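This is final36.txt. It holds compact mmCIF, C-alpha atoms.
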```txt
# COMPACT_ATOMS: atom_id res chain seq x y z
CA MET A 287 19.07 6.41 21.41
CA PHE A 288 17.26 3.47 19.79
CA LYS A 289 14.48 5.70 18.44
CA THR A 290 17.04 8.10 17.02
CA LEU A 291 18.98 5.29 15.35
CA THR A 292 15.84 3.79 13.87
CA ALA A 293 14.75 7.16 12.50
CA VAL A 294 18.14 7.72 10.88
CA ALA A 295 18.10 4.20 9.44
CA LEU A 296 14.82 4.81 7.65
CA VAL A 297 15.90 7.96 5.83
CA LEU A 298 16.77 7.50 2.15
CA THR A 299 19.85 9.16 0.79
CA ALA A 300 19.16 12.41 -1.06
CA GLY A 301 20.52 11.03 -4.32
CA LEU A 302 18.29 7.98 -4.23
CA ALA A 303 15.23 9.99 -3.35
CA ALA A 304 15.89 12.29 -6.27
CA ALA A 305 16.40 9.37 -8.64
CA GLN A 306 13.17 7.58 -7.88
CA ASP A 307 10.06 7.91 -5.71
CA TYR A 308 10.69 5.06 -3.27
CA GLN A 309 8.05 3.77 -0.91
CA ALA A 310 9.00 4.62 2.65
CA ALA A 311 10.27 1.73 4.74
CA PRO A 312 7.62 0.58 7.21
CA ARG A 313 7.89 1.56 10.85
CA LEU A 314 7.14 -0.82 13.67
CA GLN A 315 4.87 0.09 16.52
CA PRO A 316 6.45 0.29 20.01
CA GLU A 317 4.89 -3.03 21.03
CA GLN A 318 6.38 -4.71 17.95
CA GLN A 319 9.79 -3.29 18.72
CA GLU A 320 9.42 -4.62 22.25
CA GLN A 321 8.64 -8.09 20.90
CA ILE A 322 11.87 -8.01 18.90
CA ARG A 323 13.75 -6.81 21.97
CA GLN A 324 12.39 -9.71 23.99
CA ALA A 325 13.29 -12.19 21.25
CA VAL A 326 16.86 -10.87 21.16
CA GLY A 327 17.07 -11.26 24.94
CA ASN A 328 15.41 -14.68 25.15
CA PRO A 329 17.10 -17.20 27.49
CA HIS A 330 17.58 -19.85 24.79
CA ARG A 331 20.34 -17.96 23.02
CA THR A 332 23.86 -19.26 23.48
CA ILE A 333 26.38 -17.13 25.35
CA SER A 334 28.78 -17.10 22.38
CA ASN A 335 26.05 -15.72 20.14
CA LEU A 336 24.97 -13.13 22.68
CA MET A 337 28.54 -11.86 22.83
CA ARG A 338 28.38 -10.99 19.14
CA ASP A 339 25.35 -8.71 19.42
CA ALA A 340 27.57 -5.64 19.51
CA GLY A 341 28.90 -6.50 16.05
CA ARG A 342 25.62 -7.65 14.54
CA ASN A 343 23.02 -5.37 16.16
CA PRO A 344 20.10 -7.79 15.80
CA GLU A 345 17.47 -5.65 17.53
CA GLN A 346 18.06 -2.62 15.34
CA THR A 347 18.54 -4.71 12.21
CA LEU A 348 15.30 -6.66 12.56
CA SER A 349 13.46 -3.46 13.44
CA PHE A 350 14.76 -1.83 10.27
CA PHE A 351 13.59 -4.87 8.31
CA ALA A 352 10.18 -4.42 10.01
CA VAL A 353 9.84 -8.07 11.05
CA GLU A 354 6.56 -8.67 12.87
CA PRO A 355 5.65 -11.72 15.01
CA GLN A 356 2.79 -12.74 12.69
CA HIS A 357 4.93 -12.70 9.55
CA THR A 358 6.09 -15.57 7.40
CA VAL A 359 9.85 -15.09 7.30
CA VAL A 360 12.34 -16.98 5.13
CA GLU A 361 15.96 -16.81 6.24
CA VAL A 362 18.36 -17.76 3.47
CA TRP A 363 21.33 -19.92 4.46
CA PRO A 364 21.04 -19.51 8.25
CA GLY A 365 24.32 -21.37 8.80
CA ALA A 366 24.75 -22.40 12.43
CA GLY A 367 21.54 -20.61 13.39
CA TRP A 368 22.71 -17.32 14.85
CA TYR A 369 19.55 -15.49 13.80
CA THR A 370 17.47 -18.65 14.20
CA GLU A 371 17.86 -18.28 17.96
CA ILE A 372 16.04 -14.95 17.67
CA LEU A 373 13.62 -15.48 14.79
CA ALA A 374 12.25 -18.88 15.82
CA PRO A 375 10.97 -17.67 19.23
CA LEU A 376 9.76 -14.38 17.72
CA LEU A 377 7.65 -16.13 15.08
CA ARG A 378 6.74 -19.35 16.90
CA GLU A 379 3.23 -18.48 18.14
CA GLN A 380 1.79 -16.26 15.43
CA GLY A 381 4.09 -16.47 12.44
CA ARG A 382 6.08 -18.91 10.35
CA TYR A 383 9.86 -19.30 10.14
CA ILE A 384 11.36 -21.05 7.11
CA ALA A 385 15.09 -21.77 7.16
CA ALA A 386 16.26 -22.16 3.55
CA HIS A 387 19.45 -24.05 4.31
CA PHE A 388 22.05 -26.00 2.36
CA ASP A 389 21.12 -29.10 0.42
CA PRO A 390 21.66 -32.18 2.65
CA GLN A 391 22.65 -34.07 -0.53
CA SER A 392 25.14 -31.44 -1.66
CA PRO A 393 28.48 -32.71 -3.03
CA VAL A 394 30.12 -30.05 -0.82
CA GLY A 395 31.04 -31.63 2.50
CA TYR A 396 30.84 -28.34 4.41
CA PHE A 397 27.26 -27.82 3.22
CA ARG A 398 26.19 -31.29 4.34
CA GLN A 399 27.82 -30.94 7.73
CA SER A 400 26.42 -27.46 8.32
CA ARG A 401 22.91 -28.64 7.45
CA ALA A 402 23.25 -31.66 9.78
CA SER A 403 24.52 -29.49 12.64
CA PHE A 404 21.65 -27.08 12.14
CA GLU A 405 19.10 -29.89 12.33
CA GLU A 406 20.77 -31.20 15.49
CA LYS A 407 20.44 -27.74 16.99
CA LEU A 408 16.72 -27.70 16.24
CA ALA A 409 16.19 -31.20 17.60
CA GLY A 410 17.99 -30.31 20.82
CA LYS A 411 15.31 -27.79 21.86
CA PRO A 412 11.95 -28.88 20.49
CA ASP A 413 10.14 -26.47 22.83
CA VAL A 414 11.79 -23.61 20.91
CA TYR A 415 12.39 -24.94 17.40
CA ASP A 416 9.62 -27.48 16.80
CA LYS A 417 7.84 -25.22 14.31
CA VAL A 418 10.91 -24.30 12.24
CA GLU A 419 10.55 -25.42 8.62
CA VAL A 420 13.81 -26.36 6.93
CA THR A 421 13.98 -26.18 3.14
CA VAL A 422 16.76 -26.02 0.53
CA LEU A 423 18.33 -23.05 -1.19
CA ASN A 424 20.55 -24.14 -4.07
CA TYR A 425 21.36 -22.89 -7.55
CA GLU A 426 18.81 -25.03 -9.40
CA PRO A 427 16.30 -22.57 -10.89
CA ASP A 428 13.36 -24.96 -10.56
CA VAL A 429 13.90 -25.78 -6.86
CA ALA A 430 11.88 -23.28 -4.81
CA MET A 431 13.04 -22.45 -1.30
CA ALA A 432 9.49 -21.57 -0.17
CA PRO A 433 5.99 -21.59 -1.68
CA PRO A 434 5.55 -18.84 -4.28
CA GLU A 435 4.44 -15.48 -2.85
CA SER A 436 4.18 -16.91 0.68
CA ALA A 437 6.67 -14.76 2.58
CA ASP A 438 6.26 -11.34 4.16
CA ARG A 439 10.01 -11.06 4.63
CA VAL A 440 13.06 -12.76 3.17
CA LEU A 441 16.25 -12.16 5.14
CA THR A 442 19.85 -12.96 4.32
CA PHE A 443 22.93 -12.14 6.32
CA ARG A 444 26.44 -12.03 4.78
CA ASN A 445 25.77 -14.50 1.97
CA VAL A 446 26.00 -12.57 -1.30
CA HIS A 447 29.77 -13.06 -1.56
CA ASN A 448 29.25 -16.83 -1.36
CA TRP A 449 26.82 -16.77 -4.28
CA LEU A 450 29.11 -14.56 -6.34
CA ALA A 451 31.99 -16.96 -5.68
CA GLU A 452 29.96 -19.53 -7.62
CA GLY A 453 29.29 -17.05 -10.42
CA GLU A 454 27.10 -14.08 -11.26
CA GLU A 455 24.53 -16.36 -12.88
CA GLN A 456 24.22 -18.36 -9.66
CA ALA A 457 23.83 -15.18 -7.64
CA ALA A 458 21.10 -14.06 -10.04
CA VAL A 459 19.28 -17.38 -9.51
CA VAL A 460 19.24 -16.83 -5.76
CA PHE A 461 17.87 -13.28 -6.07
CA ALA A 462 15.18 -14.59 -8.41
CA LYS A 463 14.21 -17.23 -5.85
CA MET A 464 14.02 -14.66 -3.08
CA TYR A 465 11.79 -12.51 -5.26
CA ALA A 466 9.54 -15.47 -6.10
CA ALA A 467 9.10 -16.40 -2.43
CA LEU A 468 7.87 -12.94 -1.41
CA LYS A 469 4.31 -11.71 -1.51
CA PRO A 470 3.71 -8.52 -3.51
CA GLY A 471 4.68 -5.76 -1.10
CA GLY A 472 6.99 -8.11 0.79
CA LEU A 473 10.48 -7.02 1.79
CA LEU A 474 13.96 -8.41 1.31
CA GLY A 475 16.32 -7.51 4.16
CA LEU A 476 19.98 -7.97 3.30
CA VAL A 477 23.23 -7.56 5.23
CA GLU A 478 26.60 -7.97 3.50
CA HIS A 479 30.26 -7.10 3.95
CA ARG A 480 30.78 -3.80 2.12
CA ALA A 481 33.60 -3.29 -0.39
CA ARG A 482 34.99 0.05 -1.41
CA ILE A 483 33.39 1.71 -4.42
CA GLY A 484 35.04 0.51 -7.62
CA THR A 485 36.21 -2.85 -6.26
CA ASP A 486 36.37 -5.42 -9.09
CA LEU A 487 34.49 -8.72 -9.01
CA GLU A 488 37.60 -10.86 -8.64
CA THR A 489 38.63 -8.93 -5.52
CA MET A 490 35.09 -9.20 -4.14
CA THR A 491 35.03 -12.98 -4.43
CA LYS A 492 38.55 -13.25 -2.99
CA THR A 493 38.00 -10.96 -0.01
CA GLY A 494 34.31 -11.50 0.81
CA TYR A 495 33.58 -7.77 0.53
CA VAL A 496 30.94 -6.79 -2.08
CA THR A 497 30.07 -3.34 -3.42
CA GLU A 498 26.63 -1.94 -2.70
CA GLU A 499 26.36 -1.10 -6.38
CA LEU A 500 26.57 -4.76 -7.37
CA VAL A 501 24.13 -5.91 -4.69
CA VAL A 502 21.57 -3.31 -5.78
CA GLN A 503 22.12 -4.28 -9.41
CA LEU A 504 21.48 -7.97 -8.68
CA ALA A 505 18.36 -7.12 -6.69
CA GLU A 506 16.97 -4.79 -9.35
CA GLN A 507 17.61 -7.34 -12.08
CA ALA A 508 15.40 -9.76 -10.12
CA GLY A 509 12.62 -7.15 -9.94
CA PHE A 510 13.24 -5.58 -6.53
CA GLU A 511 13.20 -1.87 -5.76
CA LEU A 512 15.40 -0.35 -3.09
CA VAL A 513 13.53 1.01 -0.07
CA GLY A 514 16.39 2.23 2.05
CA ARG A 515 19.79 1.86 3.63
CA SER A 516 20.58 1.67 7.32
CA PRO A 517 23.92 2.60 8.93
CA VAL A 518 23.32 0.23 11.83
CA ASN A 519 25.97 -2.33 10.82
CA GLN A 520 28.60 0.03 9.46
CA ASN A 521 32.09 -0.07 10.97
CA PRO A 522 34.32 2.86 9.94
CA ARG A 523 37.33 1.16 11.57
CA ASP A 524 37.29 -1.52 8.87
CA THR A 525 39.59 -0.59 5.97
CA THR A 526 38.55 -3.78 4.04
CA ASP A 527 42.14 -4.37 2.80
CA HIS A 528 43.17 -7.23 5.07
CA PRO A 529 45.52 -10.06 4.01
CA GLU A 530 42.85 -12.75 4.36
CA GLY A 531 39.90 -10.60 3.41
CA VAL A 532 36.93 -10.37 5.72
CA TRP A 533 38.03 -13.60 7.39
CA THR A 534 41.00 -11.73 8.87
CA LEU A 535 38.61 -10.06 11.29
CA PRO A 536 36.61 -11.60 14.13
CA PRO A 537 34.98 -13.98 14.53
CA THR A 538 37.15 -16.00 12.12
CA LEU A 539 40.56 -14.40 12.85
CA ARG A 540 42.17 -16.54 10.14
CA LEU A 541 45.69 -15.26 10.95
CA GLY A 542 45.51 -16.66 14.47
CA ASP A 543 47.70 -14.70 16.87
CA GLU A 544 49.28 -12.56 14.15
CA ASN A 545 48.16 -8.95 14.82
CA ARG A 546 45.26 -10.43 16.77
CA ALA A 547 44.84 -7.41 19.06
CA GLN A 548 44.71 -5.11 16.03
CA TYR A 549 41.95 -7.10 14.36
CA LEU A 550 39.99 -7.50 17.57
CA ALA A 551 40.14 -3.72 17.97
CA ILE A 552 38.67 -3.27 14.48
CA GLY A 553 35.84 -5.67 15.28
CA GLU A 554 33.54 -7.32 12.77
CA SER A 555 33.41 -6.09 9.19
CA ASP A 556 31.87 -2.94 7.79
CA ARG A 557 28.46 -3.99 6.44
CA MET A 558 25.72 -2.63 4.26
CA THR A 559 22.16 -3.10 5.51
CA LEU A 560 19.69 -2.79 2.65
CA LEU A 561 15.94 -3.13 2.33
CA PHE A 562 14.18 -3.95 -0.95
CA ILE A 563 10.51 -4.29 -1.86
CA LYS A 564 8.67 -6.56 -4.27
CA ARG A 565 5.99 -4.43 -5.89
```

Representation of the structure as structure tokens:
Amino acid sequence: MFKTLTAVALVLTAGLAAAQDYQAAPRLQPEQQEQIRQAVGNPHRTISNLMRDAGRNPEQTLSFFAVEPQHTVVEVWPGAGWYTEILAPLLREQGRYIAAHFDPQSPVGYFRQSRASFEEKLAGKPDVYDKVEVTVLNYEPDVAMAPPESADRVLTFRNVHNWLAEGEEQAAVVFAKMYAALKPGGLLGLVEHRARIGTDLETMTKTGYVTEELVVQLAEQAGFELVGRSPVNQNPRDTTDHPEGVWTLPPTLRLGDENRAQYLAIGESDRMTLLFIKR
């Protein structure tokens, strides 16, 4: 099943293949896939995070992004550290994990608190997180989130809508920073809530769902080329037209008990999973 899913995930759509001669997405060796599997199943992960694996598919996602234990990986805005629990152990011995988090001096209280909580998480398990490097990702063009051309992979999970909420120029700054951090040939792995084709920008920023077209446009403007799309995080049950946008669904469930069973049955949002290359 896993091999079949991975094979499907690495196939480019016919239209894209016809439009441009894309480089094939890299394939991991079985031993590398096993290392990701072990990292996903490591005993340091919290139970609440483990329970969300069915909605986030970390093993298949990281395999599609071809993350290897010796890589330098930058995760952009890791939040509470859901993927940190997987990536830090995976990269601890041979690789390098850089968490490009919020600015601890940000005027936004949520950003400061989230950064502080993340650092507390790292300090609580030094045997797991002692080698994690925490940097800043903000909208200042001259503030790098990692040394130039140092990363094999840059990963970001469900963040594009946040950047667009600040403005298209701010989103463009972030894509430029991700491009600058990658080595030539490095890959950007991106997961985002997927809007229906034709959704306008105002609706995107209000609902948290973003069109693939806009994400690809932002990436290409920064210099990236699309390698492929994976269906691993798609959810056909998600109609994307909820009263509180993506936050209507789990895990947020912003409406509380109102239609709770319905939204739990839908599950987490429908998501695009895209892979880009820096030539």

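Between atom CA of Leu474 of chain A and atom CA of Arg398 of chain A lies a distance of 26.1 Å.
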
Identify, on the basis of only C-alpha atoms, every residue whose closest approach to Phe562 of chain A does not exceed 7 Å; exclude the query and any residue fewer than 6 positions from it along the same chain; express the result as a PyMOL selection string.
chain A and resi 473-475+510-513

For the point (30.4, -16.5, -7.0) in the file's frame, write as number ranges by chain all residues with an atom no more than 12 Å away, counting only C-alpha atoms.
A: 425, 445-460, 487-496

Include C-alpha atoms and write out the residues we just selected as a PDB file, keeping the file's coordinate frame.
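As a result, again_11.pdb now contains:
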```pdb
ATOM      1  CA  TYR A 425      21.360 -22.890  -7.550  1.00  0.00           C
ATOM      2  CA  ASN A 445      25.770 -14.500   1.970  1.00  0.00           C
ATOM      3  CA  VAL A 446      26.000 -12.570  -1.300  1.00  0.00           C
ATOM      4  CA  HIS A 447      29.770 -13.060  -1.560  1.00  0.00           C
ATOM      5  CA  ASN A 448      29.250 -16.830  -1.360  1.00  0.00           C
ATOM      6  CA  TRP A 449      26.820 -16.770  -4.280  1.00  0.00           C
ATOM      7  CA  LEU A 450      29.110 -14.560  -6.340  1.00  0.00           C
ATOM      8  CA  ALA A 451      31.990 -16.960  -5.680  1.00  0.00           C
ATOM      9  CA  GLU A 452      29.960 -19.530  -7.620  1.00  0.00           C
ATOM     10  CA  GLY A 453      29.290 -17.050 -10.420  1.00  0.00           C
ATOM     11  CA  GLU A 454      27.100 -14.080 -11.260  1.00  0.00           C
ATOM     12  CA  GLU A 455      24.530 -16.360 -12.880  1.00  0.00           C
ATOM     13  CA  GLN A 456      24.220 -18.360  -9.660  1.00  0.00           C
ATOM     14  CA  ALA A 457      23.830 -15.180  -7.640  1.00  0.00           C
ATOM     15  CA  ALA A 458      21.100 -14.060 -10.040  1.00  0.00           C
ATOM     16  CA  VAL A 459      19.280 -17.380  -9.510  1.00  0.00           C
ATOM     17  CA  VAL A 460      19.240 -16.830  -5.760  1.00  0.00           C
ATOM     18  CA  LEU A 487      34.490  -8.720  -9.010  1.00  0.00           C
ATOM     19  CA  GLU A 488      37.600 -10.860  -8.640  1.00  0.00           C
ATOM     20  CA  THR A 489      38.630  -8.930  -5.520  1.00  0.00           C
ATOM     21  CA  MET A 490      35.090  -9.200  -4.140  1.00  0.00           C
ATOM     22  CA  THR A 491      35.030 -12.980  -4.430  1.00  0.00           C
ATOM     23  CA  LYS A 492      38.550 -13.250  -2.990  1.00  0.00           C
ATOM     24  CA  THR A 493      38.000 -10.960  -0.010  1.00  0.00           C
ATOM     25  CA  GLY A 494      34.310 -11.500   0.810  1.00  0.00           C
ATOM     26  CA  TYR A 495      33.580  -7.770   0.530  1.00  0.00           C
ATOM     27  CA  VAL A 496      30.940  -6.790  -2.080  1.00  0.00           C
TER      28      VAL A 496
END
```

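Note that the spacing between atom CA of Gln346 of chain A and atom CA of Leu314 of chain A amounts to 11.2 Å.
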
Need the shell around Gly367 of chain A: protein/DNA/RNA residues with any atom at most 10 Å away, counting all atoms listed in the file. Skip same-chain ones fewer than 3 positions apart. Format as a list in words?
Asn335, Glu361, Trp363, Pro364, Thr370, Glu371, Ile372, Leu373, Ala374, Ala385, His387, Ser400, Ser403, Phe404, Glu405, Lys407 and Leu408 of chain A

Can you write out as JSON lines which residues of segment 396-498 of chain A fall within 8 Å of segment 541-560 of chain A, alongside each residue's closest atom pair and its distance in Å to one decimal, counting only C-alpha atoms and ordering rows by chain and ascending residue number?
```
{"residue": "A:Gly475", "atom": "CA", "partner": "A:Leu560", "partner_atom": "CA", "distance": 6.0}
{"residue": "A:Leu476", "atom": "CA", "partner": "A:Leu560", "partner_atom": "CA", "distance": 5.2}
{"residue": "A:Val477", "atom": "CA", "partner": "A:Thr559", "partner_atom": "CA", "distance": 4.6}
{"residue": "A:Glu478", "atom": "CA", "partner": "A:Arg557", "partner_atom": "CA", "distance": 5.3}
{"residue": "A:His479", "atom": "CA", "partner": "A:Arg557", "partner_atom": "CA", "distance": 4.4}
{"residue": "A:Arg480", "atom": "CA", "partner": "A:Arg557", "partner_atom": "CA", "distance": 4.9}
{"residue": "A:Glu498", "atom": "CA", "partner": "A:Met558", "partner_atom": "CA", "distance": 7.1}
```

Within 12 Å of Lys463 of chain A, counting all atoms listed in the file, which residues qualify if same-chain residues fewer than 5 places away don't, as an mmCIF file with C-alpha atoms, keeping the file's coordinate frame?
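Heads up, here's the output in part.cif:
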```cif
data_model
loop_
_atom_site.group_PDB
_atom_site.id
_atom_site.type_symbol
_atom_site.label_atom_id
_atom_site.label_comp_id
_atom_site.auth_asym_id
_atom_site.auth_seq_id
_atom_site.Cartn_x
_atom_site.Cartn_y
_atom_site.Cartn_z
ATOM 1 C CA VAL A 360 12.340 -16.980 5.130
ATOM 2 C CA VAL A 362 18.360 -17.760 3.470
ATOM 3 C CA ALA A 386 16.260 -22.160 3.550
ATOM 4 C CA VAL A 422 16.760 -26.020 0.530
ATOM 5 C CA LEU A 423 18.330 -23.050 -1.190
ATOM 6 C CA ASN A 424 20.550 -24.140 -4.070
ATOM 7 C CA TYR A 425 21.360 -22.890 -7.550
ATOM 8 C CA GLU A 426 18.810 -25.030 -9.400
ATOM 9 C CA PRO A 427 16.300 -22.570 -10.890
ATOM 10 C CA ASP A 428 13.360 -24.960 -10.560
ATOM 11 C CA VAL A 429 13.900 -25.780 -6.860
ATOM 12 C CA ALA A 430 11.880 -23.280 -4.810
ATOM 13 C CA MET A 431 13.040 -22.450 -1.300
ATOM 14 C CA ALA A 432 9.490 -21.570 -0.170
ATOM 15 C CA PRO A 433 5.990 -21.590 -1.680
ATOM 16 C CA PRO A 434 5.550 -18.840 -4.280
ATOM 17 C CA GLU A 435 4.440 -15.480 -2.850
ATOM 18 C CA SER A 436 4.180 -16.910 0.680
ATOM 19 C CA ALA A 437 6.670 -14.760 2.580
ATOM 20 C CA VAL A 440 13.060 -12.760 3.170
ATOM 21 C CA GLN A 456 24.220 -18.360 -9.660
ATOM 22 C CA ALA A 457 23.830 -15.180 -7.640
ATOM 23 C CA ALA A 458 21.100 -14.060 -10.040
ATOM 24 C CA LEU A 468 7.870 -12.940 -1.410
ATOM 25 C CA LEU A 474 13.960 -8.410 1.310
ATOM 26 C CA ALA A 505 18.360 -7.120 -6.690
ATOM 27 C CA ALA A 508 15.400 -9.760 -10.120
ATOM 28 C CA GLY A 509 12.620 -7.150 -9.940
ATOM 29 C CA PHE A 510 13.240 -5.580 -6.530
#
```

Could the centre and edge lengths of an axis-aligned box, enclosing all atoms of segment 475-478 of chain A in the file with 6 Å extra on each side, be given in Å to one decimal as lines of an AutoDock Vina configuration file?
```
center_x = 21.5
center_y = -7.7
center_z = 4.3
size_x = 22.3
size_y = 12.5
size_z = 13.9
```

As number ranges by chain, please: the residues near Ala352 of chain A (cut-off 9 Å, only C-alpha atoms, same-chain neighbours under 2 positions excluded).
A: 311-314, 318-319, 347-350, 354, 439, 473

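Going from atom CA of Ala481 of chain A to atom CA of Leu535 of chain A covers 14.4 Å.
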
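Taking all atoms listed in the file into account, Gly472 of chain A lies nearest to A:Leu441 out of the set A:Ala366, A:Leu504, A:Leu376, A:Leu441.
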
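You can rank A:Leu500, A:Ile483, A:Tyr415, A:Met337 by their closest distance to Thr526 of chain A using only C-alpha atoms, and at the top of that list sits A:Ile483.
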
Could you give me, as a count of residues only, the residues within 12 Å of Leu336 of chain A, counting only C-alpha atoms and dropping anything in the same chain fewer than 4 positions from it?
18

Looking at only C-alpha atoms, which of A:Arg540, A:Asp486, A:Pro412, A:Ile322 is the one that sits closest to Phe351 of chain A?
A:Ile322

Emit a file covering segment 384-461 of chain A of the preceding structure with C-alpha atoms, as a tab-separated table (two decimals), in the first residue's frame.
```
chain	number	residue	atom	x	y	z
A	384	ILE	CA	16.67	24.56	11.71
A	385	ALA	CA	13.34	25.77	13.07
A	386	ALA	CA	12.61	29.17	11.52
A	387	HIS	CA	10.10	30.32	14.11
A	388	PHE	CA	8.35	33.55	15.05
A	389	ASP	CA	10.32	36.58	16.17
A	390	PRO	CA	10.58	36.55	20.00
A	391	GLN	CA	10.43	40.37	19.85
A	392	SER	CA	7.35	40.46	17.63
A	393	PRO	CA	4.66	43.02	18.52
A	394	VAL	CA	2.14	40.19	18.05
A	395	GLY	CA	1.50	38.56	21.42
A	396	TYR	CA	0.56	35.20	19.90
A	397	PHE	CA	3.89	35.06	18.06
A	398	ARG	CA	5.88	35.76	21.22
A	399	GLN	CA	3.98	33.20	23.25
A	400	SER	CA	4.21	30.52	20.56
A	401	ARG	CA	7.97	31.04	20.26
A	402	ALA	CA	8.39	30.86	24.06
A	403	SER	CA	6.33	27.67	24.28
A	404	PHE	CA	8.36	26.11	21.50
A	405	GLU	CA	11.61	26.88	23.29
A	406	GLU	CA	10.20	25.41	26.50
A	407	LYS	CA	9.35	22.26	24.59
A	408	LEU	CA	12.94	21.97	23.35
A	409	ALA	CA	14.40	22.63	26.79
A	410	GLY	CA	12.18	19.96	28.33
A	411	LYS	CA	13.89	17.14	26.40
A	412	PRO	CA	17.52	18.05	25.76
A	413	ASP	CA	18.34	14.45	24.85
A	414	VAL	CA	16.05	14.85	21.83
A	415	TYR	CA	16.13	18.55	20.96
A	416	ASP	CA	19.57	19.75	22.04
A	417	LYS	CA	20.76	20.15	18.44
A	418	VAL	CA	17.71	22.04	17.15
A	419	GLU	CA	18.66	25.49	15.86
A	420	VAL	CA	15.96	28.13	16.28
A	421	THR	CA	16.02	31.14	13.98
A	422	VAL	CA	13.51	33.82	12.91
A	423	LEU	CA	11.25	33.98	9.89
A	424	ASN	CA	9.68	37.42	9.54
A	425	TYR	CA	8.78	39.76	6.69
A	426	GLU	CA	11.98	41.81	6.78
A	427	PRO	CA	13.73	41.12	3.45
A	428	ASP	CA	17.23	41.44	4.92
A	429	VAL	CA	16.70	39.01	7.83
A	430	ALA	CA	17.71	35.54	6.64
A	431	MET	CA	16.10	32.51	8.26
A	432	ALA	CA	19.13	30.31	7.49
A	433	PRO	CA	22.57	30.72	5.91
A	434	PRO	CA	22.34	31.25	2.14
A	435	GLU	CA	22.28	28.03	0.10
A	436	SER	CA	22.71	25.88	3.22
A	437	ALA	CA	19.55	23.75	3.15
A	438	ASP	CA	18.79	20.55	1.29
A	439	ARG	CA	15.11	20.88	2.12
A	440	VAL	CA	12.83	23.70	3.24
A	441	LEU	CA	9.47	22.52	4.57
A	442	THR	CA	6.35	24.45	5.47
A	443	PHE	CA	3.03	23.10	6.62
A	444	ARG	CA	-0.22	25.11	6.37
A	445	ASN	CA	1.37	28.56	6.53
A	446	VAL	CA	0.80	30.23	3.17
A	447	HIS	CA	-2.62	31.58	4.18
A	448	ASN	CA	-1.00	33.31	7.16
A	449	TRP	CA	1.51	35.09	4.91
A	450	LEU	CA	-1.19	36.10	2.45
A	451	ALA	CA	-3.25	37.53	5.31
A	452	GLU	CA	-0.40	40.01	5.79
A	453	GLY	CA	-0.31	40.79	2.07
A	454	GLU	CA	0.92	39.36	-1.21
A	455	GLU	CA	4.18	41.31	-0.88
A	456	GLN	CA	4.84	39.70	2.50
A	457	ALA	CA	4.11	36.26	1.09
A	458	ALA	CA	6.54	36.97	-1.75
A	459	VAL	CA	9.24	37.90	0.79
A	460	VAL	CA	8.84	34.55	2.53
A	461	PHE	CA	9.08	32.57	-0.73
```
